[in-house]
Amino acid sequence: MPMVRPLGPVRLKKTSPLTLIFGAGLCIFILYFLLGSSATDFSAARKAVAASHPLSPPTSPFRQSTSGGKPKPPPVARYNLNNVTITNSPVENRENVLVLTPMARFYQEYWDNLLKLSYPHELITLGFIIPKNKEGNAAYAELEKQITKTQKFGVEKEKFKSIIILRQDFDPPLQSQDEAERHKMQNQKPRRAAMAKARNSLLFTTLGPATSWVLWLDADIIETPPTLIQDLAFHNKPLIVPNCFQRFYNNEKKKMDERPYDFNNWQDSPTAQKLASQMGPDDILLEGYSDMGTYRALMAYMYEDGGDIHYEVPLDGVGGTALLVKADVHRDGAMFPPFSFYHLIETEGFAKMARRLGWQAAGLPNYKVYHYNE
């Protein structure tokens, strides 16, 4: 039987310190390449479109000058808008999205939801307009904290292309932004006229030559699918809205429940048209009030449990809780009338103005976003 020869002591070869240093450096490089490559891509994408001045164009990031003295005027630039695509495949075509939010109050859930949007953040510009009052100042302070946290200290993929904040140059008509006060019928015309002015100021200041889509997103929309922008753009409509609901505790059922919230998404009715024909030139129709029965078909009540989320309906009026608009609709001149326009105002007036320009609004009754419940 063969004998197993015992092995003698194994002598390890002494490793050179230079070899150890080289190996450690190689490991660090590999880890940096694997973990940091996407971050480099994001940063490179921003730097590629960075402007030398904040106004050229307004939605592009820009490099702050490190030298003191008087800033130079914006350069004269030429933009070919024929090169701007607006398609139902915005991610693949690298289309820029402008997300606009009039903000009277700051909700952390709004910002958290914004960060969860899966659309590439390096293609998203955020624009805000905030009133100059006590509540507005508080909202501005909280928003600024979150912007600094995200843009300066956040992970690269969460950082947005650029962020613009405006302060309103007119006083808000209501001192309180409580939900009950906002929705009183007598407050609707002055409140919505002021909102229309704020929307127009924000739009006209921020719409850049490279913008393909404008997403109007109210500051109290706290829950949407992460794919909101892609899902709405997929339909390739000039302007399109999801259905806005609100979660609440149902005391009768003793559990959480949902209810429709935005009643400004509607299809017109003969009754509403007759009411309008009997109104004075400055009077407006309002939706969702028992004192003014319009008998319009409201998209809020078209929701079907388990229905196709991509099911479309044509609309004559739209709300602004979540509204995706092709930038060309705004470039054609469609804005938010702060006055009676065919007896409509603000977002509903915008849908009417867009229609007069040849753009048809659409809605997705089975695609839901959620409003904050006060």
# chains A, B, ... in the order shown; residues from 1 in each chain; ligands from 1
>>> select_by_dssp(residues="range 186-361 of chain A", states="alpha helix (DSSP H)", output="MDAnalysis selection string")
chainID A and resid 188:206 228:233 270:277 327:331 346:356
>>> write_last_selection(atoms="N, CA and C atoms", output="compact mmCIF listing (two decimals), in the first residue's frame")
# COMPACT_ATOMS: atom_id res chain seq x y z
N GLN A 188 -64.03 81.74 -5.39
CA GLN A 188 -63.48 81.05 -6.55
C GLN A 188 -62.93 81.99 -7.63
N LYS A 189 -63.69 83.02 -7.97
CA LYS A 189 -63.22 83.87 -9.07
C LYS A 189 -61.94 84.62 -8.70
N PRO A 190 -61.87 85.31 -7.56
CA PRO A 190 -60.61 85.99 -7.23
C PRO A 190 -59.46 85.02 -6.98
N ARG A 191 -59.76 83.88 -6.36
CA ARG A 191 -58.69 82.91 -6.08
C ARG A 191 -58.12 82.34 -7.36
N ARG A 192 -59.00 81.96 -8.28
CA ARG A 192 -58.54 81.32 -9.50
C ARG A 192 -57.95 82.33 -10.49
N ALA A 193 -58.41 83.58 -10.42
CA ALA A 193 -57.78 84.63 -11.23
C ALA A 193 -56.33 84.85 -10.78
N ALA A 194 -56.12 84.86 -9.46
CA ALA A 194 -54.76 85.00 -8.93
C ALA A 194 -53.91 83.78 -9.29
N MET A 195 -54.51 82.60 -9.23
CA MET A 195 -53.79 81.38 -9.59
C MET A 195 -53.39 81.41 -11.07
N ALA A 196 -54.30 81.91 -11.92
CA ALA A 196 -54.00 82.01 -13.35
C ALA A 196 -52.82 82.95 -13.59
N LYS A 197 -52.80 84.09 -12.90
CA LYS A 197 -51.68 85.01 -13.04
C LYS A 197 -50.37 84.37 -12.61
N ALA A 198 -50.43 83.62 -11.50
CA ALA A 198 -49.22 82.95 -11.01
C ALA A 198 -48.73 81.91 -12.02
N ARG A 199 -49.66 81.13 -12.57
CA ARG A 199 -49.28 80.12 -13.56
C ARG A 199 -48.64 80.78 -14.79
N ASN A 200 -49.25 81.86 -15.25
CA ASN A 200 -48.71 82.54 -16.44
C ASN A 200 -47.32 83.11 -16.18
N SER A 201 -47.14 83.73 -15.02
CA SER A 201 -45.82 84.28 -14.67
C SER A 201 -44.77 83.18 -14.65
N LEU A 202 -45.13 82.06 -14.04
CA LEU A 202 -44.21 80.94 -13.95
C LEU A 202 -43.89 80.37 -15.33
N LEU A 203 -44.93 80.20 -16.15
CA LEU A 203 -44.74 79.63 -17.49
C LEU A 203 -43.89 80.52 -18.38
N PHE A 204 -44.24 81.81 -18.44
CA PHE A 204 -43.55 82.71 -19.36
C PHE A 204 -42.08 82.94 -18.97
N THR A 205 -41.79 82.76 -17.68
CA THR A 205 -40.42 82.98 -17.21
C THR A 205 -39.54 81.76 -17.42
N THR A 206 -40.12 80.58 -17.40
CA THR A 206 -39.31 79.36 -17.37
C THR A 206 -39.30 78.53 -18.66
N LEU A 228 -45.18 58.53 -13.99
CA LEU A 228 -46.23 59.49 -14.37
C LEU A 228 -45.94 60.17 -15.70
N ILE A 229 -44.75 60.72 -15.87
CA ILE A 229 -44.44 61.48 -17.08
C ILE A 229 -44.46 60.57 -18.31
N GLN A 230 -43.82 59.42 -18.21
CA GLN A 230 -43.79 58.49 -19.34
C GLN A 230 -45.20 58.00 -19.68
N ASP A 231 -46.00 57.71 -18.65
CA ASP A 231 -47.35 57.17 -18.88
C ASP A 231 -48.24 58.18 -19.59
N LEU A 232 -48.17 59.44 -19.18
CA LEU A 232 -49.01 60.46 -19.80
C LEU A 232 -48.50 60.79 -21.21
N ALA A 233 -47.18 60.89 -21.36
CA ALA A 233 -46.61 61.21 -22.68
C ALA A 233 -46.86 60.09 -23.69
N PRO A 270 -75.30 70.63 -22.66
CA PRO A 270 -76.23 71.68 -23.15
C PRO A 270 -76.68 72.60 -22.02
N THR A 271 -76.84 72.04 -20.81
CA THR A 271 -77.27 72.86 -19.67
C THR A 271 -76.23 73.92 -19.34
N ALA A 272 -74.95 73.52 -19.31
CA ALA A 272 -73.88 74.48 -19.02
C ALA A 272 -73.79 75.54 -20.10
N GLN A 273 -73.95 75.13 -21.35
CA GLN A 273 -73.89 76.09 -22.45
C GLN A 273 -75.05 77.09 -22.38
N LYS A 274 -76.22 76.62 -21.95
CA LYS A 274 -77.38 77.51 -21.81
C LYS A 274 -77.15 78.50 -20.67
N LEU A 275 -76.59 78.00 -19.55
CA LEU A 275 -76.28 78.88 -18.42
C LEU A 275 -75.30 79.97 -18.85
N ALA A 276 -74.29 79.59 -19.62
CA ALA A 276 -73.28 80.54 -20.06
C ALA A 276 -73.90 81.61 -20.96
N SER A 277 -74.84 81.21 -21.78
CA SER A 277 -75.46 82.16 -22.72
C SER A 277 -76.28 83.22 -21.99
N ALA A 327 -45.20 71.34 -25.07
CA ALA A 327 -44.70 72.71 -24.99
C ALA A 327 -45.19 73.56 -26.15
N ASP A 328 -45.43 72.94 -27.30
CA ASP A 328 -45.90 73.69 -28.46
C ASP A 328 -47.28 74.30 -28.24
N VAL A 329 -48.09 73.70 -27.37
CA VAL A 329 -49.41 74.26 -27.06
C VAL A 329 -49.22 75.62 -26.39
N HIS A 330 -48.31 75.69 -25.44
CA HIS A 330 -48.02 76.97 -24.79
C HIS A 330 -47.34 77.93 -25.74
N ARG A 331 -46.44 77.40 -26.58
CA ARG A 331 -45.75 78.28 -27.54
C ARG A 331 -46.72 78.89 -28.55
N GLU A 346 -58.93 80.25 -15.62
CA GLU A 346 -57.74 79.48 -15.23
C GLU A 346 -57.61 78.20 -16.07
N THR A 347 -57.50 77.01 -15.43
CA THR A 347 -57.21 75.79 -16.19
C THR A 347 -58.34 75.42 -17.15
N GLU A 348 -59.59 75.65 -16.73
CA GLU A 348 -60.71 75.36 -17.63
C GLU A 348 -60.70 76.31 -18.82
N GLY A 349 -60.35 77.57 -18.55
CA GLY A 349 -60.19 78.54 -19.63
C GLY A 349 -59.02 78.19 -20.54
N PHE A 350 -57.96 77.62 -19.95
CA PHE A 350 -56.80 77.18 -20.73
C PHE A 350 -57.21 76.09 -21.73
N ALA A 351 -58.01 75.11 -21.27
CA ALA A 351 -58.47 74.05 -22.18
C ALA A 351 -59.29 74.63 -23.33
N LYS A 352 -60.12 75.62 -23.01
CA LYS A 352 -60.93 76.26 -24.05
C LYS A 352 -60.05 77.02 -25.04
N MET A 353 -59.05 77.73 -24.51
CA MET A 353 -58.14 78.49 -25.38
C MET A 353 -57.34 77.54 -26.26
N ALA A 354 -56.87 76.45 -25.68
CA ALA A 354 -56.13 75.46 -26.47
C ALA A 354 -57.01 74.89 -27.58
N ARG A 355 -58.27 74.64 -27.25
CA ARG A 355 -59.21 74.09 -28.25
C ARG A 355 -59.41 75.09 -29.39
N ARG A 356 -59.50 76.37 -29.07
CA ARG A 356 -59.67 77.39 -30.10
C ARG A 356 -58.43 77.46 -31.00
>>> residues_around(residues="range 109-117 of chain A", least_positions_apart="6", cutoff="10 Å", atoms="only C-alpha atoms", output="PyMOL selection string")
chain A and resi 99+126+143+146-147+150+157-160+217-230+371-372
>>> closest_residue(among="A:Pro102, A:Pro172, A:Gly293, A:Gly320", to="Pro242 in chain A", atoms="only C-alpha atoms")
A:Gly320
>>> decode(residues="range 77-106 of chain A", atoms="N, CA, C and O atoms", output="PDB file, in the first residue's frame")
ATOM      1  N   ALA A  77     -28.164  84.112 -28.632  1.00  0.00           N
ATOM      2  CA  ALA A  77     -28.114  82.708 -29.045  1.00  0.00           C
ATOM      3  C   ALA A  77     -29.208  82.427 -30.067  1.00  0.00           C
ATOM      4  O   ALA A  77     -30.262  83.071 -30.067  1.00  0.00           O
ATOM      5  N   ARG A  78     -28.944  81.462 -30.924  1.00  0.00           N
ATOM      6  CA  ARG A  78     -29.914  81.063 -31.946  1.00  0.00           C
ATOM      7  C   ARG A  78     -30.369  79.642 -31.643  1.00  0.00           C
ATOM      8  O   ARG A  78     -29.546  78.746 -31.420  1.00  0.00           O
ATOM      9  N   TYR A  79     -31.685  79.430 -31.612  1.00  0.00           N
ATOM     10  CA  TYR A  79     -32.244  78.111 -31.318  1.00  0.00           C
ATOM     11  C   TYR A  79     -33.141  77.673 -32.471  1.00  0.00           C
ATOM     12  O   TYR A  79     -34.008  78.437 -32.915  1.00  0.00           O
ATOM     13  N   ASN A  80     -32.941  76.472 -32.923  1.00  0.00           N
ATOM     14  CA  ASN A  80     -33.766  75.905 -33.981  1.00  0.00           C
ATOM     15  C   ASN A  80     -34.809  74.994 -33.333  1.00  0.00           C
ATOM     16  O   ASN A  80     -34.517  73.855 -32.971  1.00  0.00           O
ATOM     17  N   LEU A  81     -36.040  75.501 -33.175  1.00  0.00           N
ATOM     18  CA  LEU A  81     -37.084  74.727 -32.507  1.00  0.00           C
ATOM     19  C   LEU A  81     -37.544  73.537 -33.333  1.00  0.00           C
ATOM     20  O   LEU A  81     -38.237  72.656 -32.815  1.00  0.00           O
ATOM     21  N   ASN A  82     -37.159  73.502 -34.604  1.00  0.00           N
ATOM     22  CA  ASN A  82     -37.489  72.334 -35.425  1.00  0.00           C
ATOM     23  C   ASN A  82     -36.742  71.087 -34.959  1.00  0.00           C
ATOM     24  O   ASN A  82     -37.121  69.967 -35.296  1.00  0.00           O
ATOM     25  N   ASN A  83     -35.678  71.299 -34.185  1.00  0.00           N
ATOM     26  CA  ASN A  83     -34.908  70.162 -33.676  1.00  0.00           C
ATOM     27  C   ASN A  83     -35.453  69.622 -32.368  1.00  0.00           C
ATOM     28  O   ASN A  83     -34.964  68.608 -31.868  1.00  0.00           O
ATOM     29  N   VAL A  84     -36.449  70.294 -31.779  1.00  0.00           N
ATOM     30  CA  VAL A  84     -37.033  69.851 -30.515  1.00  0.00           C
ATOM     31  C   VAL A  84     -38.110  68.808 -30.808  1.00  0.00           C
ATOM     32  O   VAL A  84     -39.105  69.103 -31.475  1.00  0.00           O
ATOM     33  N   THR A  85     -37.920  67.605 -30.317  1.00  0.00           N
ATOM     34  CA  THR A  85     -38.906  66.542 -30.537  1.00  0.00           C
ATOM     35  C   THR A  85     -39.903  66.498 -29.387  1.00  0.00           C
ATOM     36  O   THR A  85     -39.570  66.798 -28.241  1.00  0.00           O
ATOM     37  N   ILE A  86     -41.131  66.134 -29.710  1.00  0.00           N
ATOM     38  CA  ILE A  86     -42.188  65.924 -28.713  1.00  0.00           C
ATOM     39  C   ILE A  86     -42.892  64.632 -29.118  1.00  0.00           C
ATOM     40  O   ILE A  86     -43.766  64.641 -29.998  1.00  0.00           O
ATOM     41  N   THR A  87     -42.511  63.527 -28.495  1.00  0.00           N
ATOM     42  CA  THR A  87     -42.972  62.222 -28.943  1.00  0.00           C
ATOM     43  C   THR A  87     -43.548  61.420 -27.782  1.00  0.00           C
ATOM     44  O   THR A  87     -43.487  61.840 -26.624  1.00  0.00           O
ATOM     45  N   ASN A  88     -44.074  60.245 -28.119  1.00  0.00           N
ATOM     46  CA  ASN A  88     -44.601  59.359 -27.070  1.00  0.00           C
ATOM     47  C   ASN A  88     -43.512  58.461 -26.491  1.00  0.00           C
ATOM     48  O   ASN A  88     -43.804  57.567 -25.709  1.00  0.00           O
ATOM     49  N   SER A  89     -42.269  58.704 -26.882  1.00  0.00           N
ATOM     50  CA  SER A  89     -41.116  57.993 -26.303  1.00  0.00           C
ATOM     51  C   SER A  89     -40.106  59.018 -25.803  1.00  0.00           C
ATOM     52  O   SER A  89     -38.986  59.122 -26.308  1.00  0.00           O
ATOM     53  N   PRO A  90     -40.482  59.802 -24.798  1.00  0.00           N
ATOM     54  CA  PRO A  90     -39.638  60.934 -24.397  1.00  0.00           C
ATOM     55  C   PRO A  90     -38.306  60.533 -23.773  1.00  0.00           C
ATOM     56  O   PRO A  90     -37.323  61.255 -23.936  1.00  0.00           O
ATOM     57  N   VAL A  91     -38.267  59.387 -23.077  1.00  0.00           N
ATOM     58  CA  VAL A  91     -37.011  58.961 -22.461  1.00  0.00           C
ATOM     59  C   VAL A  91     -36.010  58.578 -23.541  1.00  0.00           C
ATOM     60  O   VAL A  91     -34.845  59.016 -23.526  1.00  0.00           O
ATOM     61  N   GLU A  92     -36.457  57.757 -24.484  1.00  0.00           N
ATOM     62  CA  GLU A  92     -35.573  57.304 -25.558  1.00  0.00           C
ATOM     63  C   GLU A  92     -35.069  58.480 -26.395  1.00  0.00           C
ATOM     64  O   GLU A  92     -33.939  58.465 -26.887  1.00  0.00           O
ATOM     65  N   ASN A  93     -35.901  59.517 -26.555  1.00  0.00           N
ATOM     66  CA  ASN A  93     -35.525  60.671 -27.365  1.00  0.00           C
ATOM     67  C   ASN A  93     -34.911  61.809 -26.555  1.00  0.00           C
ATOM     68  O   ASN A  93     -34.691  62.899 -27.092  1.00  0.00           O
ATOM     69  N   ARG A  94     -34.672  61.557 -25.264  1.00  0.00           N
ATOM     70  CA  ARG A  94     -34.005  62.529 -24.391  1.00  0.00           C
ATOM     71  C   ARG A  94     -34.710  63.882 -24.424  1.00  0.00           C
ATOM     72  O   ARG A  94     -34.104  64.944 -24.620  1.00  0.00           O
ATOM     73  N   GLU A  95     -36.017  63.861 -24.193  1.00  0.00           N
ATOM     74  CA  GLU A  95     -36.814  65.086 -24.261  1.00  0.00           C
ATOM     75  C   GLU A  95     -36.885  65.762 -22.894  1.00  0.00           C
ATOM     76  O   GLU A  95     -37.126  65.116 -21.873  1.00  0.00           O
ATOM     77  N   ASN A  96     -36.695  67.078 -22.893  1.00  0.00           N
ATOM     78  CA  ASN A  96     -36.672  67.852 -21.662  1.00  0.00           C
ATOM     79  C   ASN A  96     -38.085  68.141 -21.160  1.00  0.00           C
ATOM     80  O   ASN A  96     -38.972  68.511 -21.946  1.00  0.00           O
ATOM     81  N   VAL A  97     -38.265  67.989 -19.852  1.00  0.00           N
ATOM     82  CA  VAL A  97     -39.564  68.196 -19.212  1.00  0.00           C
ATOM     83  C   VAL A  97     -39.447  69.323 -18.198  1.00  0.00           C
ATOM     84  O   VAL A  97     -38.502  69.359 -17.389  1.00  0.00           O
ATOM     85  N   LEU A  98     -40.394  70.234 -18.239  1.00  0.00           N
ATOM     86  CA  LEU A  98     -40.470  71.339 -17.294  1.00  0.00           C
ATOM     87  C   LEU A  98     -41.620  71.064 -16.338  1.00  0.00           C
ATOM     88  O   LEU A  98     -42.775  71.007 -16.751  1.00  0.00           O
ATOM     89  N   VAL A  99     -41.315  70.844 -15.062  1.00  0.00           N
ATOM     90  CA  VAL A  99     -42.337  70.568 -14.047  1.00  0.00           C
ATOM     91  C   VAL A  99     -42.603  71.862 -13.291  1.00  0.00           C
ATOM     92  O   VAL A  99     -41.709  72.399 -12.627  1.00  0.00           O
ATOM     93  N   LEU A 100     -43.832  72.380 -13.397  1.00  0.00           N
ATOM     94  CA  LEU A 100     -44.176  73.675 -12.815  1.00  0.00           C
ATOM     95  C   LEU A 100     -45.182  73.513 -11.676  1.00  0.00           C
ATOM     96  O   LEU A 100     -46.200  72.831 -11.829  1.00  0.00           O
ATOM     97  N   THR A 101     -44.888  74.184 -10.561  1.00  0.00           N
ATOM     98  CA  THR A 101     -45.720  74.048  -9.362  1.00  0.00           C
ATOM     99  C   THR A 101     -45.932  75.406  -8.697  1.00  0.00           C
ATOM    100  O   THR A 101     -44.978  75.985  -8.153  1.00  0.00           O
ATOM    101  N   PRO A 102     -47.159  75.938  -8.723  1.00  0.00           N
ATOM    102  CA  PRO A 102     -47.474  77.071  -7.837  1.00  0.00           C
ATOM    103  C   PRO A 102     -47.565  76.523  -6.405  1.00  0.00           C
ATOM    104  O   PRO A 102     -48.244  75.528  -6.157  1.00  0.00           O
ATOM    105  N   MET A 103     -46.853  77.159  -5.471  1.00  0.00           N
ATOM    106  CA  MET A 103     -46.761  76.591  -4.122  1.00  0.00           C
ATOM    107  C   MET A 103     -47.101  77.630  -3.065  1.00  0.00           C
ATOM    108  O   MET A 103     -46.402  78.641  -2.915  1.00  0.00           O
ATOM    109  N   ALA A 104     -48.182  77.382  -2.318  1.00  0.00           N
ATOM    110  CA  ALA A 104     -48.540  78.232  -1.183  1.00  0.00           C
ATOM    111  C   ALA A 104     -48.138  77.573   0.125  1.00  0.00           C
ATOM    112  O   ALA A 104     -47.875  78.251   1.112  1.00  0.00           O
ATOM    113  N   ARG A 105     -48.110  76.242   0.134  1.00  0.00           N
ATOM    114  CA  ARG A 105     -47.671  75.460   1.285  1.00  0.00           C
ATOM    115  C   ARG A 105     -46.731  74.365   0.819  1.00  0.00           C
ATOM    116  O   ARG A 105     -46.878  73.862  -0.297  1.00  0.00           O
ATOM    117  N   PHE A 106     -45.785  74.022   1.684  1.00  0.00           N
ATOM    118  CA  PHE A 106     -44.860  72.943   1.349  1.00  0.00           C
ATOM    119  C   PHE A 106     -45.278  71.674   2.077  1.00  0.00           C
ATOM    120  O   PHE A 106     -45.492  71.675   3.287  1.00  0.00           O
TER     121      PHE A 106
END
